[in-house]
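S.K.: Structure incoming, see below.
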Amino acid sequence: MKLRFGLVMLVVATCALVGCHTTPPPVTQELVAGSYTFVSKDPERRATDHNLNHLVLQPDGAYDLVEGGTTKPVSEKRGIWRIEPGSPSGVVNVVLDHAGYPVEIKKNEVRLLIDLDTGVWWTKPR
């Protein structure tokens, strides 16, 4: 009886340890390609300054970035994007020409981080 209980506890402990240590999926071009919307949790920014923002990362490496809103001039940039290792190690950046955004993989979305202190990022469903 004690042996069976010990075996069950060993299996439960192993499952708990394995379940707590999940590795995020590798950041690939296929994973991050897609259409992103702008998210700002910053209470200081007006939503109308950024309501037209959108970012599209094409699978072929091209991007289209539109920034602005009904109360802010709209600008559009096009160029080439790529994935690069970031700092600290383990961080991966999506680089649009020369601007880099750390990638954060969530359960249901992919985020390109702009500023976590003020709560600003690009997001797309996963």
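We name chains A, B, ... following the order of the structure tokens; residues begin at 1 in each chain, and ligands are numbered from 1 as shown.
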Please identify which residues in chain A DSSP calls strand (DSSP E or B) from the backbone, and express them as an MDAnalysis selection string.
M.R.: chainID A and resid 34:40 54:57 62:69 72:85 92:96 99:105 109:115 120:125
S.K.: For Leu113 (chain A), find every residue with an atom within 7 Å (counting only C-alpha atoms), except residues of its own chain fewer than 6 positions away, and show them as a PyMOL selection string.
M.R.: chain A and resi 101-103+120-122
S.K.: Restricting it to C-alpha atoms, dump the selection as a PDB file, in the first residue's frame.
M.R.:
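Listing of part.pdb after writing:
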```
ATOM      1  CA  TYR A 101       9.902  45.098 -31.327  1.00  0.00           C
ATOM      2  CA  PRO A 102      10.342  42.247 -28.812  1.00  0.00           C
ATOM      3  CA  VAL A 103       7.928  39.375 -29.523  1.00  0.00           C
ATOM      4  CA  VAL A 120       1.499  49.899 -25.726  1.00  0.00           C
ATOM      5  CA  TRP A 121       1.923  47.074 -28.243  1.00  0.00           C
ATOM      6  CA  TRP A 122       0.818  45.590 -31.560  1.00  0.00           C
TER       7      TRP A 122
END
```
S.K.: May I have the residues within 12 Å of region 39-41 of chain A as a list in words, using only C-alpha atoms and disregarding those fewer than 4 positions away in the same chain?
M.R.: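 Residues near the query, excluding close chain neighbours: Arg45, Arg46, Ala47, Thr48, Asp49, His50, Asn51, Leu52, Asn53, His54, Leu55, Arg111, Leu112, Leu113, Ile114, Asp115, Leu116, Asp117, Thr118, Gly119, Val120, Trp121, Trp122, Thr123 and Lys124 of chain A.
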S.K.: As a list in words, please: the residues near region 83-95 of chain A (cut-off 12 Å, only C-alpha atoms, same-chain neighbours under 6 positions excluded).
M.R.: Thr23, Pro24, Pro25, Pro26, Val27, Thr28, Gln29, Glu30, Leu31, Val32, Ala33, Leu57, Pro59, Gly61, Ala62, Tyr63, Tyr101, Pro102, Val103, Glu104, Ile105, Val110, Arg111, Leu112, Leu113, Ile114 and Trp122 of chain A
S.K.: List every residue of chain A that DSSP, applied to the backbone of this structure, places in alpha helix (DSSP H), and write the result as a list in words.
M.R.: Lys2, Leu3, Arg4, Phe5, Gly6, Leu7, Val8, Met9, Leu10, Val11, Val12, Ala13, Thr14, Cys15, Ala16, Leu17, Val18, Gly19, Cys20, Gln29, Glu30, Leu31 and Val32 of chain A
S.K.: Find the residue from A:Ser35, A:Glu109, A:Arg78, A:Ala99 that sits nearest to Leu65 (chain A); use only C-alpha atoms when measuring.
M.R.: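 The closest residue to Leu65 (chain A) is A:Arg78.
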S.K.: CA of Lys107 (chain A) and CA of Gly68 (chain A), how far apart in Å?
M.R.: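 CA of Gly68 (chain A) sits 28.9 Å away from CA of Lys107 (chain A).
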S.K.: Which value, in Å to one decimal, gives the distance between CA of Ile80 (chain A) and CA of Asp60 (chain A)?
M.R.: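 A separation of 8.9 Å between them.
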S.K.: One number please: CA of Arg126 (chain A) to CA of Thr37 (chain A), in Å, one decimal.
M.R.: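 Separation of CA of Arg126 (chain A) and CA of Thr37 (chain A): 12.8 Å.
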